[in-house]
>>> print(open('target_8.cif').read())   # mmCIF, C-alpha atoms
data_query
loop_
_atom_site.label_atom_id
_atom_site.label_comp_id
_atom_site.auth_asym_id
_atom_site.auth_seq_id
_atom_site.Cartn_x
_atom_site.Cartn_y
_atom_site.Cartn_z
CA MET A 1 25.54 99.80 94.42
CA ARG A 2 23.65 99.31 91.14
CA TYR A 3 21.95 96.00 90.44
CA VAL A 4 20.97 94.67 87.03
CA SER A 5 18.80 91.60 87.35
CA THR A 6 19.22 89.07 84.54
CA LEU A 7 17.37 85.76 84.46
CA ILE A 8 19.32 82.86 83.01
CA MET A 9 17.43 79.62 82.50
CA ALA A 10 19.62 76.58 83.02
CA SER A 11 18.62 73.18 81.69
CA MET A 12 20.64 70.62 83.59
CA MET A 13 21.88 67.79 81.41
CA ARG A 14 23.26 65.56 84.15
CA GLU A 15 23.73 62.69 81.73
CA ALA A 16 20.19 61.67 82.68
CA PRO A 17 19.70 59.03 79.95
CA ALA A 18 22.40 56.87 81.48
CA LEU A 19 21.67 57.33 85.15
CA ALA A 20 19.59 54.16 85.35
CA ASP A 21 22.42 52.10 83.84
CA LYS A 22 24.55 50.81 86.69
CA LYS A 23 27.27 49.88 84.22
CA LEU A 24 27.79 53.58 83.55
CA TYR A 25 27.25 54.90 87.08
CA SER A 26 28.68 52.59 89.73
CA ALA A 27 27.84 52.67 93.42
CA SER A 28 31.37 53.98 94.00
CA ALA A 29 30.82 56.91 91.63
CA MET A 30 27.49 57.75 93.27
CA ALA A 31 29.11 57.68 96.71
CA THR A 32 31.99 59.85 95.51
CA ALA A 33 29.52 62.45 94.22
CA GLN A 34 27.98 62.70 97.68
CA ILE A 35 31.37 62.94 99.40
CA GLU A 36 32.88 65.49 97.04
CA GLY A 37 29.71 67.61 96.99
CA LYS A 38 29.92 67.96 100.77
CA GLN A 39 33.68 68.57 100.69
CA HIS A 40 33.27 71.41 98.21
CA TYR A 41 30.31 72.98 99.96
CA ASP A 42 32.24 72.99 103.23
CA GLU A 43 35.18 74.57 101.40
CA LEU A 44 32.99 77.30 99.89
CA GLU A 45 31.66 78.00 103.35
CA ARG A 46 35.14 77.97 104.93
CA GLN A 47 36.46 80.43 102.34
CA GLY A 48 33.47 82.73 102.80
CA VAL A 49 32.21 82.85 99.22
CA LEU A 50 28.61 81.83 99.86
CA GLY A 51 26.27 84.79 99.57
CA ILE A 52 28.60 87.07 97.59
CA VAL A 53 26.83 90.26 96.46
CA ARG A 54 27.87 91.55 93.05
CA LYS A 55 26.93 94.46 90.84
CA THR A 56 25.00 92.24 88.44
CA ARG A 57 22.63 89.70 89.94
CA ILE A 58 22.07 86.54 87.90
CA ARG A 59 18.93 84.54 88.44
CA GLY A 60 18.60 80.91 87.39
CA ARG A 61 15.96 78.21 87.33
CA LEU A 62 15.51 74.76 85.88
CA ALA A 63 13.96 74.73 82.42
CA ASP A 64 10.21 74.25 82.75
CA GLY A 65 9.00 74.37 79.16
CA VAL A 66 7.80 77.97 79.44
CA PRO A 67 8.93 80.04 76.43
CA MET A 68 11.85 82.34 77.15
CA LYS A 69 11.16 86.00 77.74
CA GLU A 70 13.17 88.79 76.17
CA GLY A 71 16.65 88.91 77.69
CA GLU A 72 16.57 85.32 78.97
CA LYS A 73 19.03 82.68 77.83
CA MET A 74 18.99 78.91 77.98
CA LEU A 75 22.15 77.17 79.15
CA HIS A 76 22.51 73.40 78.87
CA LEU A 77 25.20 72.47 81.37
CA ILE A 78 27.13 69.22 80.92
CA ARG A 79 29.62 67.78 83.34
CA HIS A 80 32.21 65.59 81.59
CA GLY A 81 32.06 61.79 81.69
CA GLN A 82 34.24 59.69 83.98
CA GLY A 83 37.92 60.61 83.70
CA PHE A 84 40.80 58.41 84.81
CA HIS A 85 41.28 60.67 87.85
CA ASN A 86 37.65 60.00 88.84
CA LEU A 87 38.28 56.26 88.55
CA LEU A 88 41.38 56.55 90.73
CA GLY A 89 39.42 58.48 93.34
CA ASP A 90 36.71 55.82 93.37
CA LEU A 91 39.29 53.03 93.73
CA TYR A 92 41.07 54.81 96.57
CA ARG A 93 37.78 55.18 98.45
CA ASP A 94 36.79 51.56 97.69
CA PHE A 95 39.95 50.52 99.55
CA GLY A 96 39.13 52.72 102.53
CA LYS A 97 41.40 55.67 101.75
CA THR A 98 40.24 59.24 102.35
CA VAL A 99 40.55 61.54 99.34
CA ASP A 100 40.42 65.34 99.68
CA SER A 101 39.15 66.47 96.27
CA THR A 102 39.56 70.16 97.20
CA GLY A 103 43.36 69.84 97.08
CA GLY A 104 43.80 70.85 100.69
CA ASP A 105 45.51 67.61 101.71
CA LYS A 106 48.10 66.27 99.24
CA SER A 107 48.93 63.14 101.24
CA GLY A 108 47.38 60.11 99.60
CA ASN A 109 45.72 62.31 96.98
CA PRO A 110 45.47 60.37 93.68
CA TYR A 111 44.70 63.56 91.75
CA VAL A 112 48.30 64.79 92.10
CA ARG A 113 49.81 61.84 90.24
CA PRO A 114 51.72 63.00 87.14
CA GLU A 115 50.33 60.13 85.05
CA ILE A 116 46.89 61.76 84.98
CA GLU A 117 47.82 65.24 83.81
CA ASP A 118 44.81 66.64 81.92
CA SER A 119 43.03 63.36 82.59
CA PRO A 120 41.17 61.90 79.58
CA LEU A 121 37.93 59.92 79.62
CA THR A 122 37.84 56.25 80.57
CA ALA A 123 35.93 53.76 78.40
CA VAL A 124 32.96 54.27 80.73
CA GLY A 125 33.31 58.03 80.42
CA ARG A 126 33.15 57.75 76.64
CA GLN A 127 30.01 55.64 76.90
CA GLN A 128 28.46 58.19 79.26
CA ALA A 129 29.16 60.96 76.74
CA LYS A 130 27.68 58.97 73.85
CA ALA A 131 24.59 58.27 75.96
CA LEU A 132 23.82 62.00 75.75
CA ARG A 133 23.37 61.93 71.98
CA PRO A 134 19.58 61.41 71.98
CA THR A 135 19.26 64.38 74.34
CA THR A 136 21.52 66.71 72.37
CA LYS A 137 19.90 65.75 69.06
CA ALA A 138 16.51 66.67 70.50
CA LEU A 139 17.74 70.21 71.21
CA THR A 140 16.85 72.03 68.02
CA GLY A 141 17.71 75.58 69.10
CA ILE A 142 21.42 75.27 69.96
CA GLU A 143 23.44 78.20 68.60
CA LEU A 144 26.80 77.79 70.36
CA VAL A 145 28.89 75.15 72.14
CA VAL A 146 31.35 76.31 74.81
CA LEU A 147 33.81 73.87 76.33
CA SER A 148 36.60 73.70 78.86
CA PRO A 149 40.08 73.24 77.36
CA LEU A 150 40.68 70.19 79.58
CA GLN A 151 40.47 67.14 77.37
CA ARG A 152 37.87 65.21 79.37
CA ALA A 153 35.36 68.03 78.86
CA ALA A 154 36.31 68.50 75.20
CA GLN A 155 36.07 64.73 74.58
CA THR A 156 32.66 64.63 76.25
CA ALA A 157 31.36 67.46 74.06
CA ALA A 158 32.76 65.87 70.90
CA LEU A 159 31.22 62.47 71.68
CA ALA A 160 27.91 63.84 72.95
CA MET A 161 27.09 66.11 70.00
CA PRO A 162 29.09 65.24 66.86
CA HIS A 163 26.14 66.44 64.74
CA LEU A 164 26.79 70.03 65.85
CA LYS A 165 30.45 70.20 64.73
CA ASP A 166 29.73 71.81 61.38
CA ILE A 167 26.46 73.45 62.36
CA VAL A 168 27.26 75.95 65.16
CA PRO A 169 30.42 77.64 66.49
CA TRP A 170 32.47 75.80 69.11
CA ILE A 171 34.55 77.92 71.50
CA GLY A 172 37.12 76.66 74.00
CA HIS A 173 37.01 78.98 76.99
CA PRO A 174 39.43 79.08 79.96
CA LEU A 175 36.78 80.71 82.15
CA VAL A 176 34.95 77.35 82.34
CA GLN A 177 38.09 75.31 83.09
CA GLU A 178 38.09 73.30 86.32
CA THR A 179 39.49 74.69 89.57
CA SER A 180 43.23 74.94 88.96
CA GLY A 181 46.31 74.11 91.00
CA VAL A 182 47.75 71.16 92.98
CA ASN A 183 45.59 68.46 91.33
CA VAL A 184 47.60 67.52 88.22
CA CYS A 185 44.48 66.18 86.53
CA ASP A 186 43.37 69.82 86.25
CA ARG A 187 46.46 71.08 84.42
CA ARG A 188 45.70 71.41 80.73
CA ARG A 189 47.92 70.12 77.96
CA ASP A 190 49.78 72.41 75.57
CA ARG A 191 47.52 74.51 73.39
CA SER A 192 48.99 73.04 70.18
CA GLU A 193 48.07 69.50 71.28
CA ILE A 194 44.53 70.58 72.09
CA GLN A 195 44.19 72.26 68.70
CA ASP A 196 45.42 69.12 66.93
CA ASP A 197 42.85 66.96 68.72
CA PHE A 198 39.91 69.34 68.32
CA PRO A 199 40.61 71.37 65.15
CA TRP A 200 37.00 72.51 64.66
CA VAL A 201 37.03 74.35 68.01
CA GLU A 202 38.12 78.00 68.21
CA TRP A 203 40.92 78.09 70.81
CA GLY A 204 41.97 81.73 70.49
CA ARG A 205 41.08 82.50 74.11
CA LEU A 206 43.96 80.34 75.37
CA ASP A 207 46.61 83.03 75.76
CA SER A 208 49.65 80.77 76.10
CA GLU A 209 50.98 77.46 74.86
CA LYS A 210 51.49 76.18 78.42
CA ASP A 211 49.00 76.24 81.28
CA GLU A 212 50.71 79.12 83.05
CA PHE A 213 47.83 79.58 85.49
CA PHE A 214 48.39 76.16 87.12
CA ASP A 215 50.25 76.29 90.45
CA PRO A 216 51.49 72.86 91.65
CA ASP A 217 51.75 74.10 95.24
CA GLU A 218 48.53 76.04 95.74
CA ARG A 219 44.92 75.34 94.82
CA GLU A 220 42.98 78.15 93.15
CA SER A 221 40.81 79.93 95.68
CA ALA A 222 37.06 79.51 95.71
CA ARG A 223 36.72 83.26 95.20
CA SER A 224 38.84 83.05 92.05
CA VAL A 225 36.71 80.22 90.64
CA SER A 226 33.55 82.12 91.57
CA ASP A 227 34.85 85.25 89.86
CA ARG A 228 35.65 83.26 86.74
CA GLY A 229 32.09 81.92 86.74
CA TYR A 230 30.70 85.42 87.14
CA ASP A 231 32.87 86.74 84.31
CA PHE A 232 31.73 83.85 82.12
CA MET A 233 28.07 84.61 82.77
CA ARG A 234 28.65 88.25 81.85
CA TRP A 235 30.35 87.02 78.67
CA VAL A 236 27.31 84.84 77.92
CA ARG A 237 25.02 87.77 78.55
CA ALA A 238 26.89 89.84 75.94
CA ARG A 239 26.78 87.06 73.32
CA PRO A 240 24.10 87.17 70.59
CA GLU A 241 23.15 83.48 71.06
CA SER A 242 20.10 82.60 73.16
CA GLU A 243 20.64 78.83 73.60
CA ILE A 244 24.09 77.54 74.50
CA ILE A 245 25.64 74.24 75.57
CA VAL A 246 28.49 74.40 78.10
CA ALA A 247 30.68 71.33 78.68
CA THR A 248 32.67 71.72 81.88
CA HIS A 249 33.38 70.27 85.35
CA SER A 250 31.68 69.43 88.65
CA ALA A 251 33.59 71.74 90.98
CA TRP A 252 33.34 74.66 88.56
CA LEU A 253 29.60 74.09 88.12
CA PHE A 254 29.07 73.65 91.85
CA THR A 255 30.83 76.94 92.56
CA LEU A 256 28.91 78.74 89.81
CA LEU A 257 25.51 77.50 90.98
CA ASN A 258 26.17 78.12 94.67
CA THR A 259 28.02 81.46 94.57
CA VAL A 260 27.10 83.21 91.31
CA ILE A 261 23.63 82.19 90.15
CA GLU A 262 20.71 82.87 92.48
CA SER A 263 18.16 80.08 92.27
CA ASP A 264 15.03 79.00 94.12
CA GLY A 265 15.59 75.25 94.16
CA ALA A 266 18.26 73.06 95.73
CA ASP A 267 18.28 70.80 92.65
CA LEU A 268 19.90 73.53 90.58
CA ALA A 269 22.82 73.87 92.97
CA SER A 270 23.51 70.19 93.67
CA TRP A 271 26.68 68.32 92.71
CA PHE A 272 26.90 67.05 89.12
CA LEU A 273 27.55 63.31 88.82
#
>>> encode(input="target_8.cif", output="structure tokens")
Amino acid sequence: MRYVSTLIMASMMREAPALADKKLYSASAMATAQIEGKQHYDELERQGVLGIVRKTRIRGRLADGVPMKEGEKMLHLIRHGQGFHNLLGDLYRDFGKTVDSTGGDKSGNPYVRPEIEDSPLTAVGRQQAKALRPTTKALTGIELVVLSPLQRAAQTAALAMPHLKDIVPWIGHPLVQETSGVNVCDRRRDRSEIQDDFPWVEWGRLDSEKDEFFDPDERESARSVSDRGYDFMRWVRARPESEIIVATHSAWLFTLLNTVIESDGADLASWFL
């Protein structure tokens, strides 16, 4: 098997400016991050996707201020702000209910409620996104913004970096959409609605008006999510841009950083709050 080693530098924007503000990151949200991180790691292990060997190896490390070498790319990875589904999950756990965020157990799962289809940001989530503005404005080399078509990720990107709307291309990409299936919060709205809300974004990669990939009865496999992440990184590698912002989701990022990107530090592969 042939290996092509490509080093991708990832600068983690974990909404760091707001982390110290307890109004934006409650104790419940912090506890949920710990719980769901463990649930998803156990699921990756159960499905046997840890340690996958692929034709192209992708190396990653936290940005350290060292100038990029030829062939390297800088990715700024953003997990969306609090969505209404996240709030529901926190409330369920606050009242002692167990929530399986992997979609394996539908009983008592708040994420399957039809009211939170393509869950938008809460007021707190919007504040979290806006808190990123000083960080995004300090990034002077951004050449491209890529975002998930789910509205919480698109809203986060729009609120976090409005200054980039008319400066660089924005591309909505289904490869960075959250793990699909079962959890209704992860079913995207119709393409026409998304285009109306975010008209400056190029949505041509959404092949259909409806989210035809979503299966209400079966959660997307970890291997499928991992393969999507791998395909996305190959897409990034082929792009001309060297510095890119990606606005996406915790489970997708966790799968990418634990099954696709090889890194030396545990911080790179930890759960995004």
>>> resolve_selection(input="target_8.cif", expression="the PyMOL selection byres ((chain A and resi 205) around 7)", output="VMD selection string")
chain A and resid 173 to 174 203 to 204 206 to 207
>>> atom_distance(input="target_8.cif", atom1="atom CA of A:Arg57", atom2="atom CA of A:Ile244")
19.7 Å
>>> closest_atom_pairs(input="target_8.cif", of="stretch 143-230 of chain A", to="stretch 250-262 of chain A", cutoff="8 Å", atoms="all atoms listed in the file", output="JSON lines")
{"residue": "A:Val176", "atom": "CA", "partner": "A:Trp252", "partner_atom": "CA", "distance": 7.0}
{"residue": "A:Gln177", "atom": "CA", "partner": "A:Trp252", "partner_atom": "CA", "distance": 7.3}
{"residue": "A:Glu178", "atom": "CA", "partner": "A:Trp252", "partner_atom": "CA", "distance": 5.4}
{"residue": "A:Thr179", "atom": "CA", "partner": "A:Trp252", "partner_atom": "CA", "distance": 6.2}
{"residue": "A:Ala222", "atom": "CA", "partner": "A:Thr255", "partner_atom": "CA", "distance": 7.4}
{"residue": "A:Val225", "atom": "CA", "partner": "A:Trp252", "partner_atom": "CA", "distance": 6.8}
{"residue": "A:Ser226", "atom": "CA", "partner": "A:Thr255", "partner_atom": "CA", "distance": 5.9}
{"residue": "A:Gly229", "atom": "CA", "partner": "A:Leu256", "partner_atom": "CA", "distance": 5.4}
{"residue": "A:Tyr230", "atom": "CA", "partner": "A:Val260", "partner_atom": "CA", "distance": 5.9}
>>> closest_residue(input="target_8.cif", among="A:Ser208, A:Ser148, A:Gln34, A:Ser107", to="A:His249", atoms="all atoms listed in the file")
A:Ser148
>>> residues_around(input="target_8.cif", residues="stretch 114-128 of chain A", least_positions_apart="6", cutoff="9 Å", atoms="all atoms listed in the file", output="compact mmCIF listing (two decimals) with C-alpha atoms, keeping the file's coordinate frame")
# COMPACT_ATOMS: atom_id res chain seq x y z
CA GLU A 15 23.73 62.69 81.73
CA PRO A 17 19.70 59.03 79.95
CA ALA A 18 22.40 56.87 81.48
CA LYS A 23 27.27 49.88 84.22
CA LEU A 24 27.79 53.58 83.55
CA TYR A 25 27.25 54.90 87.08
CA HIS A 80 32.21 65.59 81.59
CA GLY A 81 32.06 61.79 81.69
CA GLN A 82 34.24 59.69 83.98
CA GLY A 83 37.92 60.61 83.70
CA PHE A 84 40.80 58.41 84.81
CA HIS A 85 41.28 60.67 87.85
CA ASN A 86 37.65 60.00 88.84
CA LEU A 87 38.28 56.26 88.55
CA LEU A 150 40.68 70.19 79.58
CA GLN A 151 40.47 67.14 77.37
CA ARG A 152 37.87 65.21 79.37
CA ALA A 153 35.36 68.03 78.86
CA GLN A 155 36.07 64.73 74.58
CA THR A 156 32.66 64.63 76.25
CA LEU A 159 31.22 62.47 71.68
CA ALA A 160 27.91 63.84 72.95
CA ASN A 183 45.59 68.46 91.33
CA VAL A 184 47.60 67.52 88.22
CA CYS A 185 44.48 66.18 86.53
CA ASP A 186 43.37 69.82 86.25
CA ARG A 187 46.46 71.08 84.42
CA ARG A 188 45.70 71.41 80.73
CA ARG A 189 47.92 70.12 77.96
>>> residues_around(input="target_8.cif", residues="A:Ala31", least_positions_apart="4", cutoff="10 Å", atoms="only C-alpha atoms", output="PyMOL selection string")
chain A and resi 26-27+35-37+90+93-94+273
>>> resolve_selection(input="target_8.cif", expression="the PyMOL selection byres ((chain A and resi 218) around 10)", output="MDAnalysis selection string")
chainID A and resid 103:104 180:183 214:217 219:221
>>> closest_residue(input="target_8.cif", among="A:Gly141, A:Pro240, A:Pro169, A:Gly89", to="A:Ala33", atoms="all atoms listed in the file")
A:Gly89
>>> axis_aligned_box(input="target_8.cif", around="stretch 143-156 of chain A", padding_each_side="8 Å", output="JSON")
{"center_x": 32.1, "center_y": 71.4, "center_z": 74.1, "size_x": 33.2, "size_y": 29.6, "size_z": 27.0}
>>> closest_residue(input="target_8.cif", among="A:Ile58, A:Ile194, A:Asn109, A:Thr248", to="A:Gly71", atoms="all atoms listed in the file")
A:Ile58
>>> atom_distance(input="target_8.cif", atom1="atom CA of A:Ala157", atom2="atom CA of A:Glu143")
14.4 Å
>>> closest_residue(input="target_8.cif", among="A:Gly60, A:Pro134, A:Pro199, A:Gly48", to="A:Ala269", atoms="only C-alpha atoms")
A:Gly60
>>> atom_distance(input="target_8.cif", atom1="atom CA of A:Asp166", atom2="atom CA of A:Arg237")
23.9 Å
>>> residues_around(input="target_8.cif", residues="A:Trp200", least_positions_apart="4", cutoff="10 Å", atoms="only C-alpha atoms", output="ChimeraX atom specification")
/A:165-166,169-171,195-196
>>> resolve_selection(input="target_8.cif", expression="the PyMOL selection byres ((chain A and resi 73) around 12)", output="PDB file with C-alpha atoms, keeping the file's coordinate frame")
ATOM      1  CA  THR A   6      19.220  89.070  84.540  1.00  0.00           C
ATOM      2  CA  LEU A   7      17.370  85.760  84.460  1.00  0.00           C
ATOM      3  CA  ILE A   8      19.320  82.860  83.010  1.00  0.00           C
ATOM      4  CA  MET A   9      17.430  79.620  82.500  1.00  0.00           C
ATOM      5  CA  ALA A  10      19.620  76.580  83.020  1.00  0.00           C
ATOM      6  CA  SER A  11      18.620  73.180  81.690  1.00  0.00           C
ATOM      7  CA  ILE A  58      22.070  86.540  87.900  1.00  0.00           C
ATOM      8  CA  ARG A  59      18.930  84.540  88.440  1.00  0.00           C
ATOM      9  CA  GLY A  60      18.600  80.910  87.390  1.00  0.00           C
ATOM     10  CA  ARG A  61      15.960  78.210  87.330  1.00  0.00           C
ATOM     11  CA  LEU A  62      15.510  74.760  85.880  1.00  0.00           C
ATOM     12  CA  ALA A  63      13.960  74.730  82.420  1.00  0.00           C
ATOM     13  CA  PRO A  67       8.930  80.040  76.430  1.00  0.00           C
ATOM     14  CA  MET A  68      11.850  82.340  77.150  1.00  0.00           C
ATOM     15  CA  LYS A  69      11.160  86.000  77.740  1.00  0.00           C
ATOM     16  CA  GLU A  70      13.170  88.790  76.170  1.00  0.00           C
ATOM     17  CA  GLY A  71      16.650  88.910  77.690  1.00  0.00           C
ATOM     18  CA  GLU A  72      16.570  85.320  78.970  1.00  0.00           C
ATOM     19  CA  MET A  74      18.990  78.910  77.980  1.00  0.00           C
ATOM     20  CA  LEU A  75      22.150  77.170  79.150  1.00  0.00           C
ATOM     21  CA  HIS A  76      22.510  73.400  78.870  1.00  0.00           C
ATOM     22  CA  GLY A 141      17.710  75.580  69.100  1.00  0.00           C
ATOM     23  CA  ILE A 142      21.420  75.270  69.960  1.00  0.00           C
ATOM     24  CA  GLU A 143      23.440  78.200  68.600  1.00  0.00           C
ATOM     25  CA  LEU A 144      26.800  77.790  70.360  1.00  0.00           C
ATOM     26  CA  MET A 233      28.070  84.610  82.770  1.00  0.00           C
ATOM     27  CA  ARG A 234      28.650  88.250  81.850  1.00  0.00           C
ATOM     28  CA  VAL A 236      27.310  84.840  77.920  1.00  0.00           C
ATOM     29  CA  ARG A 237      25.020  87.770  78.550  1.00  0.00           C
ATOM     30  CA  ALA A 238      26.890  89.840  75.940  1.00  0.00           C
ATOM     31  CA  ARG A 239      26.780  87.060  73.320  1.00  0.00           C
ATOM     32  CA  PRO A 240      24.100  87.170  70.590  1.00  0.00           C
ATOM     33  CA  GLU A 241      23.150  83.480  71.060  1.00  0.00           C
ATOM     34  CA  SER A 242      20.100  82.600  73.160  1.00  0.00           C
ATOM     35  CA  GLU A 243      20.640  78.830  73.600  1.00  0.00           C
ATOM     36  CA  ILE A 244      24.090  77.540  74.500  1.00  0.00           C
ATOM     37  CA  ILE A 245      25.640  74.240  75.570  1.00  0.00           C
TER      38      ILE A 245
END
